[in-house]
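Chemist: To start, I am sharing the structure in question, which I have written as structure tokens.
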Amino acid sequence: MAELDCATTIPADADTIVAAIGGSEDAPVLQGVPDELAEGLLADAKLLGGTPSAKNPVVLLVRGRRVVLVGLGETPTVKSVTKAFGAGVRTVINTAGVKRIALSTGIDDPMLLRAAVEGALMASIRPLSITVKTEQPPRLSIVVVCAEKLQSVAYTAGVIADAVGTARQLVNTPPNLLTPADMVLEVDKLIAPYDTVTMEIMKKDSLSKGGFGGILAVGSGSDNPPRLITMRYLPAEPIEPKAHIALVGKGITFDSGGLDLKPVDGMVTMKGDMAGAACVAAAICAAAELKLPIQITGWLAMAENLPGGGAYRPSDVLTLRGGTTVENYNTDAEGRLVMADALARAAEDHPDLLVDIATLTGAKMIALGTEATGLFTSDDALAERIRTAAAAAGELAWPLPITDEAEESIKSDIADVRSGGLKFGGALVAAAFLKRFTAGLPWVHLDIAHSEWNPDAAHDFVPKGATGFGVRTLISILRSYAE
């Protein structure tokens, strides 16, 4: 990610300026462009590149500086502003000579300014090479031009964007380099700067003694044994936590489907099946950086789902944390098993809120596509609170029901519950299953399946590959409970 700085005026050493055009198409208004550069700029932009927009940034050379214009329209939103400034920065980050970009937005609304900075910074994130032969690109510098009273907003945006970059890097890591044991090492590096964050690890023996039959079953076909990673954030004294939030993340470091093997096309991106755990780890470190006055416990349920000789089977009956028996439906529905174990353990601490996040079901993608989170909870007021928090972060969380039919379909004749049910509405069935392990506590399930990975070309602030989707929503939820 680019280095971040703030200033009240455009610095002389900025070789590029990213600015906005607001207002209507008939009456456009330049925002954040100095008078000495503004003359004729709109006319030149229309002549050279058409009307600037989030999808069509226009780059001009004015008095030796690049000026990138992006359109915000008459009613900018957090999402549109994030996309616009992300597109503006992405347009020039690979241009020779671009080293220091001035983000001169002309925005004085704190929420929209944060969105602009996040978009610019997220667009500047370049995946780190995993080989020593590839030369890393030079690091950019972005200076945010804003009033002094808004500089703290810009720095908060920097923390959030950095957390997105952390999650992207974890998800992008090849599965042979990020096993459950490797994830322990990565989390240890992430929390090293923070005295307020600690980590505990449960390995195979302790998982067995603790009754974590779901995590153990899913990991049984791999030579890389599972782990349950617990991250605990407690603000430094004398801060009294305003709430205790438990975050549970799905951490399948590679999902072959197990014995119910995925087809080739469905398996190739399955290193991203640990995106939920990556989101949780990144969000907790961001909370520590922001010194949020809440207590957070993160549960990262890590396993590798492979069809080895010891692999679990469809129709096996498993005993999960707390003694609940589960008739296994499909070994490619493994995520709900590891999440159920972690949710059951998290619930034992009686947090004020349980939030789980997982790349859980293809059915969610069919229902909502790739730019929306499936939001499940039995509490309408809580659903609205989480939806609002996601919108404030620039991500869409769309409430879906946990129907009576879905809950009825997971009844089993030979166990307490079955891990699958209705042929259609698979996302609802998965949510109904997870609900069984929340001990009646306030709980939200976020299904981010297929939102964590962009198989196509990069656009605005979204790269090809890992997207970091869900991180901003989690941080926004945490911040809402810290207010």
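As shown in the structure tokens, the chain order sets the letters A, B, ...; within each chain, residues go from 1, and ligands are also counted from 1 in the order they appear.
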Which polymer residues have any atom within 12 Å of an atom of A:Gly323, counting only C-alpha atoms, with same-chain residues fewer than 6 positions away left out, as a list in words?

Modeler: Gly210, Gly211, Phe212, Gly213, Gly214, Val317, Ala340, Asp341, Ala344, Arg345, Ala415, Asp416, Val417 and Phe437 of chain A

Chemist: Next, write the just-selected residues to a file, as an mmCIF file, in the first residue's frame, keeping N, CA and C atoms as the atom set.

Modeler:
```
data_model
loop_
_atom_site.group_PDB
_atom_site.id
_atom_site.type_symbol
_atom_site.label_atom_id
_atom_site.label_comp_id
_atom_site.auth_asym_id
_atom_site.auth_seq_id
_atom_site.Cartn_x
_atom_site.Cartn_y
_atom_site.Cartn_z
ATOM 1 N N GLY A 210 -10.881 -31.248 23.736
ATOM 2 C CA GLY A 210 -11.931 -30.239 23.873
ATOM 3 C C GLY A 210 -13.213 -30.571 23.146
ATOM 4 N N GLY A 211 -13.238 -31.676 22.413
ATOM 5 C CA GLY A 211 -14.463 -32.087 21.744
ATOM 6 C C GLY A 211 -14.772 -31.338 20.464
ATOM 7 N N PHE A 212 -13.746 -30.890 19.761
ATOM 8 C CA PHE A 212 -13.943 -30.141 18.524
ATOM 9 C C PHE A 212 -13.984 -31.105 17.330
ATOM 10 N N GLY A 213 -15.033 -31.901 17.285
ATOM 11 C CA GLY A 213 -15.127 -32.961 16.295
ATOM 12 C C GLY A 213 -15.294 -32.480 14.875
ATOM 13 N N GLY A 214 -15.829 -31.284 14.686
ATOM 14 C CA GLY A 214 -15.994 -30.760 13.336
ATOM 15 C C GLY A 214 -14.681 -30.368 12.714
ATOM 16 N N VAL A 317 -21.329 -39.688 11.522
ATOM 17 C CA VAL A 317 -21.913 -38.918 12.626
ATOM 18 C C VAL A 317 -20.771 -38.386 13.475
ATOM 19 N N ALA A 340 -19.176 -24.270 13.264
ATOM 20 C CA ALA A 340 -20.037 -24.675 14.377
ATOM 21 C C ALA A 340 -19.224 -24.922 15.636
ATOM 22 N N ASP A 341 -18.099 -25.621 15.487
ATOM 23 C CA ASP A 341 -17.207 -25.844 16.631
ATOM 24 C C ASP A 341 -16.753 -24.517 17.236
ATOM 25 N N ALA A 344 -19.638 -22.564 18.902
ATOM 26 C CA ALA A 344 -20.013 -23.155 20.197
ATOM 27 C C ALA A 344 -19.021 -22.748 21.279
ATOM 28 N N ARG A 345 -17.734 -22.756 20.949
ATOM 29 C CA ARG A 345 -16.730 -22.333 21.941
ATOM 30 C C ARG A 345 -16.829 -20.849 22.234
ATOM 31 N N ALA A 415 -29.057 -38.394 14.502
ATOM 32 C CA ALA A 415 -28.194 -37.470 15.233
ATOM 33 C C ALA A 415 -29.024 -36.259 15.655
ATOM 34 N N ASP A 416 -28.411 -35.384 16.406
ATOM 35 C CA ASP A 416 -29.125 -34.185 16.857
ATOM 36 C C ASP A 416 -29.500 -33.281 15.691
ATOM 37 N N VAL A 417 -28.654 -33.245 14.664
ATOM 38 C CA VAL A 417 -28.882 -32.344 13.537
ATOM 39 C C VAL A 417 -28.129 -32.884 12.322
ATOM 40 N N PHE A 437 -25.681 -23.489 17.069
ATOM 41 C CA PHE A 437 -24.476 -23.501 17.904
ATOM 42 C C PHE A 437 -24.180 -22.141 18.545
#
```

Chemist: Just the residues within 7 Å of A:Gly426, please, counting only C-alpha atoms, with nothing from its chain fewer than 3 positions along; format it as a list in words.

Modeler: Thr361, Ala363, Leu422, Lys423, Val429 and Ala430 of chain A

Chemist: Enumerate the residues of stretch 145-227 of chain A with a DSSP assignment of strand (DSSP E or B), computed from the backbone, and present them as a PyMOL selection string.

Modeler: chain A and resi 145+197-202+227

Chemist: So, counting only C-alpha atoms, which residue among A:Leu41, A:Ala84, A:Ala217, A:Leu290 is closest to A:Arg63?

Modeler: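 Distance minimum relative to A:Arg63 lands on A:Leu41.
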
Chemist: Please provide as number ranges by chain all residues within 8 Å of A:Asn172, with the sequence filter that same-chain residues fewer than 6 positions apart are discarded (counting only C-alpha atoms).

Modeler: A: 127, 271-272, 465-466

Chemist: Take the residues just selected and output them with C-alpha atoms as an mmCIF file, in the first residue's frame.

Modeler:
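Result went into selection.cif, see below:
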```cif
data_model
loop_
_atom_site.group_PDB
_atom_site.id
_atom_site.type_symbol
_atom_site.label_atom_id
_atom_site.label_comp_id
_atom_site.auth_asym_id
_atom_site.auth_seq_id
_atom_site.Cartn_x
_atom_site.Cartn_y
_atom_site.Cartn_z
ATOM 1 C CA PRO A 127 0.421 -8.039 -4.090
ATOM 2 C CA LYS A 271 -6.899 -21.185 -1.472
ATOM 3 C CA GLY A 272 -9.328 -18.332 -0.788
ATOM 4 C CA GLY A 465 -7.294 -12.024 -7.164
ATOM 5 C CA ALA A 466 -8.019 -11.521 -3.474
#
```

Chemist: Skipping near chain neighbours, those fewer than 3 positions away, what residues fall within 10 Å of A:Gly335 using only C-alpha atoms, listed as a list in words?

Modeler: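 In the requested form, the answer reads Gly214, Ile215, Val218, Gly249, Lys250, Gly251, Ile252, Asp255, Asp273, Met274, Ala301, Met302, Ala303, Asn305, Thr331, Asp332, Val338, Met339, Ala340, Ala358, Thr359, Leu360, Thr361 and Ala430 of chain A.
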
Chemist: Write the residues of the selection above to a file with N, CA and C atoms, as a PDB file, in the first residue's frame.

Modeler:
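The resulting file, part-v7.pdb, is reproduced below:
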```
ATOM      1  N   GLY A 214     -15.829 -31.284  14.686  1.00  0.00           N
ATOM      2  CA  GLY A 214     -15.994 -30.760  13.336  1.00  0.00           C
ATOM      3  C   GLY A 214     -14.681 -30.368  12.714  1.00  0.00           C
ATOM      4  N   ILE A 215     -13.873 -29.593  13.434  1.00  0.00           N
ATOM      5  CA  ILE A 215     -12.570 -29.176  12.935  1.00  0.00           C
ATOM      6  C   ILE A 215     -11.678 -30.387  12.683  1.00  0.00           C
ATOM      7  N   VAL A 218     -12.871 -32.364   9.463  1.00  0.00           N
ATOM      8  CA  VAL A 218     -12.544 -31.692   8.205  1.00  0.00           C
ATOM      9  C   VAL A 218     -11.056 -31.804   7.899  1.00  0.00           C
ATOM     10  N   GLY A 249     -14.077 -16.783  12.188  1.00  0.00           N
ATOM     11  CA  GLY A 249     -13.738 -16.791  10.773  1.00  0.00           C
ATOM     12  C   GLY A 249     -13.440 -18.188  10.254  1.00  0.00           C
ATOM     13  N   LYS A 250     -13.992 -18.506   9.104  1.00  0.00           N
ATOM     14  CA  LYS A 250     -13.724 -19.787   8.445  1.00  0.00           C
ATOM     15  C   LYS A 250     -12.323 -19.759   7.854  1.00  0.00           C
ATOM     16  N   GLY A 251     -11.522 -20.784   8.170  1.00  0.00           N
ATOM     17  CA  GLY A 251     -10.130 -20.798   7.747  1.00  0.00           C
ATOM     18  C   GLY A 251      -9.739 -22.072   7.022  1.00  0.00           C
ATOM     19  N   ILE A 252     -10.435 -22.424   5.970  1.00  0.00           N
ATOM     20  CA  ILE A 252     -10.057 -23.609   5.189  1.00  0.00           C
ATOM     21  C   ILE A 252      -8.959 -23.194   4.221  1.00  0.00           C
ATOM     22  N   ASP A 255      -9.575 -26.054  -0.068  1.00  0.00           N
ATOM     23  CA  ASP A 255     -10.769 -26.889  -0.054  1.00  0.00           C
ATOM     24  C   ASP A 255     -10.894 -27.664  -1.356  1.00  0.00           C
ATOM     25  N   ASP A 273     -10.504 -20.028   0.517  1.00  0.00           N
ATOM     26  CA  ASP A 273     -11.571 -20.457   1.419  1.00  0.00           C
ATOM     27  C   ASP A 273     -11.258 -20.145   2.877  1.00  0.00           C
ATOM     28  N   MET A 274     -10.118 -19.490   3.112  1.00  0.00           N
ATOM     29  CA  MET A 274      -9.789 -19.053   4.471  1.00  0.00           C
ATOM     30  C   MET A 274      -9.965 -17.540   4.597  1.00  0.00           C
ATOM     31  N   ALA A 301     -10.904 -20.767  12.680  1.00  0.00           N
ATOM     32  CA  ALA A 301     -11.039 -22.225  12.578  1.00  0.00           C
ATOM     33  C   ALA A 301     -10.307 -22.696  11.328  1.00  0.00           C
ATOM     34  N   MET A 302      -9.082 -23.214  11.504  1.00  0.00           N
ATOM     35  CA  MET A 302      -8.182 -23.514  10.399  1.00  0.00           C
ATOM     36  C   MET A 302      -8.102 -25.023  10.128  1.00  0.00           C
ATOM     37  N   ALA A 303      -8.294 -25.389   8.879  1.00  0.00           N
ATOM     38  CA  ALA A 303      -8.139 -26.794   8.482  1.00  0.00           C
ATOM     39  C   ALA A 303      -7.936 -26.840   6.976  1.00  0.00           C
ATOM     40  N   ASN A 305      -9.039 -29.225   3.757  1.00  0.00           N
ATOM     41  CA  ASN A 305     -10.028 -30.248   3.423  1.00  0.00           C
ATOM     42  C   ASN A 305      -9.554 -31.052   2.213  1.00  0.00           C
ATOM     43  N   THR A 331     -19.034 -33.754   2.265  1.00  0.00           N
ATOM     44  CA  THR A 331     -17.718 -33.297   2.730  1.00  0.00           C
ATOM     45  C   THR A 331     -17.289 -31.987   2.088  1.00  0.00           C
ATOM     46  N   ASP A 332     -18.053 -31.520   1.080  1.00  0.00           N
ATOM     47  CA  ASP A 332     -17.795 -30.202   0.519  1.00  0.00           C
ATOM     48  C   ASP A 332     -18.644 -29.132   1.199  1.00  0.00           C
ATOM     49  N   VAL A 338     -16.542 -26.618  10.813  1.00  0.00           N
ATOM     50  CA  VAL A 338     -15.493 -25.941  11.593  1.00  0.00           C
ATOM     51  C   VAL A 338     -16.054 -24.689  12.261  1.00  0.00           C
ATOM     52  N   MET A 339     -16.980 -24.020  11.578  1.00  0.00           N
ATOM     53  CA  MET A 339     -17.583 -22.812  12.149  1.00  0.00           C
ATOM     54  C   MET A 339     -18.471 -23.152  13.347  1.00  0.00           C
ATOM     55  N   ALA A 340     -19.176 -24.270  13.264  1.00  0.00           N
ATOM     56  CA  ALA A 340     -20.037 -24.675  14.377  1.00  0.00           C
ATOM     57  C   ALA A 340     -19.224 -24.922  15.636  1.00  0.00           C
ATOM     58  N   ALA A 358     -17.740 -16.065   6.619  1.00  0.00           N
ATOM     59  CA  ALA A 358     -17.259 -17.268   5.945  1.00  0.00           C
ATOM     60  C   ALA A 358     -17.591 -17.246   4.467  1.00  0.00           C
ATOM     61  N   THR A 359     -16.702 -17.810   3.674  1.00  0.00           N
ATOM     62  CA  THR A 359     -17.000 -18.127   2.282  1.00  0.00           C
ATOM     63  C   THR A 359     -17.754 -19.453   2.307  1.00  0.00           C
ATOM     64  N   LEU A 360     -19.055 -19.384   2.583  1.00  0.00           N
ATOM     65  CA  LEU A 360     -19.736 -20.604   3.010  1.00  0.00           C
ATOM     66  C   LEU A 360     -20.486 -21.336   1.901  1.00  0.00           C
ATOM     67  N   THR A 361     -21.258 -20.627   1.068  1.00  0.00           N
ATOM     68  CA  THR A 361     -22.125 -21.360   0.137  1.00  0.00           C
ATOM     69  C   THR A 361     -22.134 -20.737  -1.255  1.00  0.00           C
ATOM     70  N   ALA A 430     -27.485 -23.485   5.517  1.00  0.00           N
ATOM     71  CA  ALA A 430     -26.222 -23.343   6.254  1.00  0.00           C
ATOM     72  C   ALA A 430     -26.391 -22.426   7.459  1.00  0.00           C
TER      73      ALA A 430
END
```

Chemist: Hey, what does DSSP flag as helix (DSSP H, G or I) within stretch 51-248 of chain A? Can you give it to me as a PyMOL selection string?

Modeler: chain A and resi 78-92+110-124+148-172+180-191+204-209+213-221

Chemist: I need the chosen residues saved as a CSV table (one decimal), in the first residue's frame, with C-alpha atoms.

Modeler:
```csv
chain,number,residue,atom,x,y,z
A,78,VAL,CA,-19.6,6.0,0.3
A,79,LYS,CA,-19.5,3.3,-2.3
A,80,SER,CA,-19.4,5.6,-5.3
A,81,VAL,CA,-16.7,7.8,-3.8
A,82,THR,CA,-14.6,4.8,-2.9
A,83,LYS,CA,-14.9,3.5,-6.5
A,84,ALA,CA,-14.2,6.9,-8.0
A,85,PHE,CA,-11.0,7.7,-6.2
A,86,GLY,CA,-9.9,4.0,-6.5
A,87,ALA,CA,-10.3,4.3,-10.2
A,88,GLY,CA,-8.4,7.6,-10.3
A,89,VAL,CA,-5.4,6.2,-8.5
A,90,ARG,CA,-5.4,2.9,-10.5
A,91,THR,CA,-5.3,4.9,-13.7
A,92,VAL,CA,-1.8,6.2,-12.9
A,110,PRO,CA,-15.9,12.9,7.1
A,111,MET,CA,-17.5,9.7,5.9
A,112,LEU,CA,-17.1,10.6,2.3
A,113,LEU,CA,-13.5,11.7,2.8
A,114,ARG,CA,-12.7,8.4,4.5
A,115,ALA,CA,-14.2,6.6,1.5
A,116,ALA,CA,-12.1,8.6,-0.9
A,117,VAL,CA,-8.9,7.8,1.0
A,118,GLU,CA,-9.8,4.2,1.4
A,119,GLY,CA,-10.5,3.9,-2.3
A,120,ALA,CA,-7.2,5.5,-3.3
A,121,LEU,CA,-5.1,3.4,-0.8
A,122,MET,CA,-6.8,0.1,-1.7
A,123,ALA,CA,-6.2,0.8,-5.4
A,124,SER,CA,-2.5,1.3,-4.6
A,148,GLU,CA,-6.4,19.7,9.9
A,149,LYS,CA,-9.6,18.7,11.7
A,150,LEU,CA,-10.1,15.9,9.1
A,151,GLN,CA,-6.6,14.5,9.1
A,152,SER,CA,-7.5,11.9,11.8
A,153,VAL,CA,-10.3,10.7,9.4
A,154,ALA,CA,-7.6,10.2,6.7
A,155,TYR,CA,-5.4,8.2,9.1
A,156,THR,CA,-8.3,6.0,10.1
A,157,ALA,CA,-8.9,5.3,6.4
A,158,GLY,CA,-5.2,4.3,6.2
A,159,VAL,CA,-5.6,1.8,9.0
A,160,ILE,CA,-8.7,0.3,7.3
A,161,ALA,CA,-7.1,0.1,3.9
A,162,ASP,CA,-4.0,-1.5,5.4
A,163,ALA,CA,-6.2,-4.2,7.0
A,164,VAL,CA,-7.8,-4.9,3.6
A,165,GLY,CA,-4.2,-5.3,2.2
A,166,THR,CA,-3.4,-7.8,5.0
A,167,ALA,CA,-6.4,-9.9,4.2
A,168,ARG,CA,-5.6,-9.8,0.5
A,169,GLN,CA,-2.1,-10.9,1.1
A,170,LEU,CA,-3.1,-13.9,3.2
A,171,VAL,CA,-5.8,-15.0,0.7
A,172,ASN,CA,-3.4,-14.6,-2.2
A,180,PRO,CA,-3.1,-24.1,9.2
A,181,ALA,CA,0.3,-24.2,11.0
A,182,ASP,CA,1.6,-21.4,8.7
A,183,MET,CA,-1.4,-19.3,9.6
A,184,VAL,CA,-0.3,-19.4,13.2
A,185,LEU,CA,3.0,-17.9,12.2
A,186,GLU,CA,1.3,-15.2,10.1
A,187,VAL,CA,-1.0,-14.2,12.9
A,188,ASP,CA,1.9,-14.1,15.3
A,189,LYS,CA,3.7,-11.6,12.9
A,190,LEU,CA,0.5,-9.5,12.6
A,191,ILE,CA,0.0,-9.1,16.4
A,204,LYS,CA,-4.8,-31.7,17.3
A,205,ASP,CA,-4.5,-33.2,20.8
A,206,SER,CA,-6.1,-30.3,22.6
A,207,LEU,CA,-8.9,-30.1,19.9
A,208,SER,CA,-9.6,-33.8,20.6
A,209,LYS,CA,-9.7,-33.3,24.4
A,213,GLY,CA,-15.1,-33.0,16.3
A,214,GLY,CA,-16.0,-30.8,13.3
A,215,ILE,CA,-12.6,-29.2,12.9
A,216,LEU,CA,-10.9,-32.5,13.5
A,217,ALA,CA,-13.1,-34.3,10.9
A,218,VAL,CA,-12.5,-31.7,8.2
A,219,GLY,CA,-8.8,-31.8,8.7
A,220,SER,CA,-8.6,-35.6,8.9
A,221,GLY,CA,-7.8,-36.2,5.2
```

Chemist: Pick out the closest residue to A:Asp13 from this set: A:Leu47, A:Ala102, A:Leu30, A:Ala333. Count only C-alpha atoms.

Modeler: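 For A:Asp13, the nearest of the given residues is A:Ala102.
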
Chemist: Identify, on the basis of only C-alpha atoms, every residue whose closest approach to stretch 467-477 of chain A does not exceed 6 Å; exclude the query and any residue fewer than 2 positions from it along the same chain; express the result as a PyMOL selection string.

Modeler: chain A and resi 164+167-168+279+283+389-390+393+452-453+462+479-480

Chemist: Selection from above, C-alpha atoms, as a tab-separated table (two decimals), in the first residue's frame, can you write it?

Modeler:
```
chain	number	residue	atom	x	y	z
A	164	VAL	CA	-7.76	-4.87	3.61
A	167	ALA	CA	-6.42	-9.92	4.21
A	168	ARG	CA	-5.63	-9.81	0.49
A	279	CYS	CA	-10.84	-10.89	7.63
A	283	ALA	CA	-9.98	-6.53	11.62
A	389	ALA	CA	-22.57	-0.62	9.45
A	390	ALA	CA	-21.77	-2.39	6.18
A	393	ALA	CA	-18.08	0.91	5.11
A	452	GLU	CA	-13.36	-12.66	-1.64
A	453	TRP	CA	-11.92	-13.33	-5.10
A	462	VAL	CA	-10.55	-3.99	-6.65
A	479	ARG	CA	-16.43	0.79	15.50
A	480	SER	CA	-20.20	1.01	15.91
```

Chemist: Residues within 9 Å of A:Ile402, please, as a ChimeraX atom specification. Count only C-alpha atoms; anything in the same chain fewer than 5 positions from it doesn't count.

Modeler: /A:376-378,407,427-429,431-432

Chemist: Using only C-alpha atoms, which of A:Ala38, A:Ile101, A:Gly73, A:Val59 sits nearest A:Ala14?

Modeler: A:Ile101

Chemist: Mind giving me the straight-line distance from atom CA of A:Gly322 to atom CA of A:Met199 in Å, one decimal?

Modeler: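 Atom-to-atom, atom CA of A:Gly322 and atom CA of A:Met199 are spaced 22.6 Å apart.
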
Chemist: Could you tell me how far atom CA of A:Ile294 lies from atom CA of A:Leu446, in Å and to one decimal?

Modeler: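 Atom-to-atom, atom CA of A:Ile294 and atom CA of A:Leu446 are spaced 20.7 Å apart.
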
Chemist: Between A:Gly23, A:Pro52, A:Gly276, A:Pro175, single out the one closest to A:Ser256, counting only C-alpha atoms.

Modeler: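 For A:Ser256, the nearest of the candidates is A:Pro175.
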
Chemist: Between A:Pro28, A:Gly257, A:Pro235, A:Pro138, which residue has the minimum interatomic distance to A:Ala288, considering only C-alpha atoms?

Modeler: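 With only C-alpha atoms as the atom set, the closest residue is A:Pro235.
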
Chemist: Residues within 9 Å of A:Leu234, please, as a ChimeraX atom specification. Count only C-alpha atoms; anything in the same chain fewer than 6 positions from it doesn't count.

Modeler: /A:196-198,241,288,292-297

Chemist: Generate a file of the selected residues that holds N, CA and C atoms, formatted as a tab-separated table (two decimals), in the first residue's frame.

Modeler:
```
chain	number	residue	atom	x	y	z
A	196	THR	N	-1.71	-5.19	23.19
A	196	THR	CA	-3.10	-5.41	23.58
A	196	THR	C	-3.72	-6.64	22.92
A	197	VAL	N	-2.96	-7.33	22.07
A	197	VAL	CA	-3.49	-8.52	21.38
A	197	VAL	C	-2.64	-9.73	21.75
A	198	THR	N	-3.30	-10.79	22.14
A	198	THR	CA	-2.62	-12.05	22.45
A	198	THR	C	-3.19	-13.17	21.60
A	241	PRO	N	-13.82	-1.61	28.50
A	241	PRO	CA	-14.49	-2.03	27.26
A	241	PRO	C	-16.00	-1.76	27.31
A	288	ALA	N	-6.92	-2.87	17.21
A	288	ALA	CA	-5.81	-2.57	18.12
A	288	ALA	C	-5.11	-1.28	17.71
A	292	LEU	N	-9.66	0.79	19.83
A	292	LEU	CA	-11.10	0.80	20.07
A	292	LEU	C	-11.39	0.35	21.51
A	293	PRO	N	-12.33	1.02	22.17
A	293	PRO	CA	-12.64	0.70	23.58
A	293	PRO	C	-13.64	-0.46	23.71
A	294	ILE	N	-13.34	-1.58	23.09
A	294	ILE	CA	-14.15	-2.78	23.20
A	294	ILE	C	-13.24	-3.98	23.37
A	295	GLN	N	-13.81	-5.06	23.87
A	295	GLN	CA	-13.08	-6.33	23.95
A	295	GLN	C	-13.46	-7.17	22.75
A	296	ILE	N	-12.47	-7.79	22.11
A	296	ILE	CA	-12.73	-8.63	20.95
A	296	ILE	C	-12.03	-9.96	21.13
A	297	THR	N	-12.77	-11.03	20.87
A	297	THR	CA	-12.16	-12.35	20.82
A	297	THR	C	-12.38	-12.91	19.43
```

Chemist: Work out how far atom CA of A:Thr230 is from atom CA of A:Glu289, in Å to one decimal.

Modeler: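 Atom-to-atom, atom CA of A:Glu289 and atom CA of A:Thr230 are spaced 18.4 Å apart.
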
Chemist: Counting only C-alpha atoms, figure out which residue out of A:Ala43, A:Ile107, A:Met1, A:Leu247 gets nearest to A:Ala19.

Modeler: A:Ile107
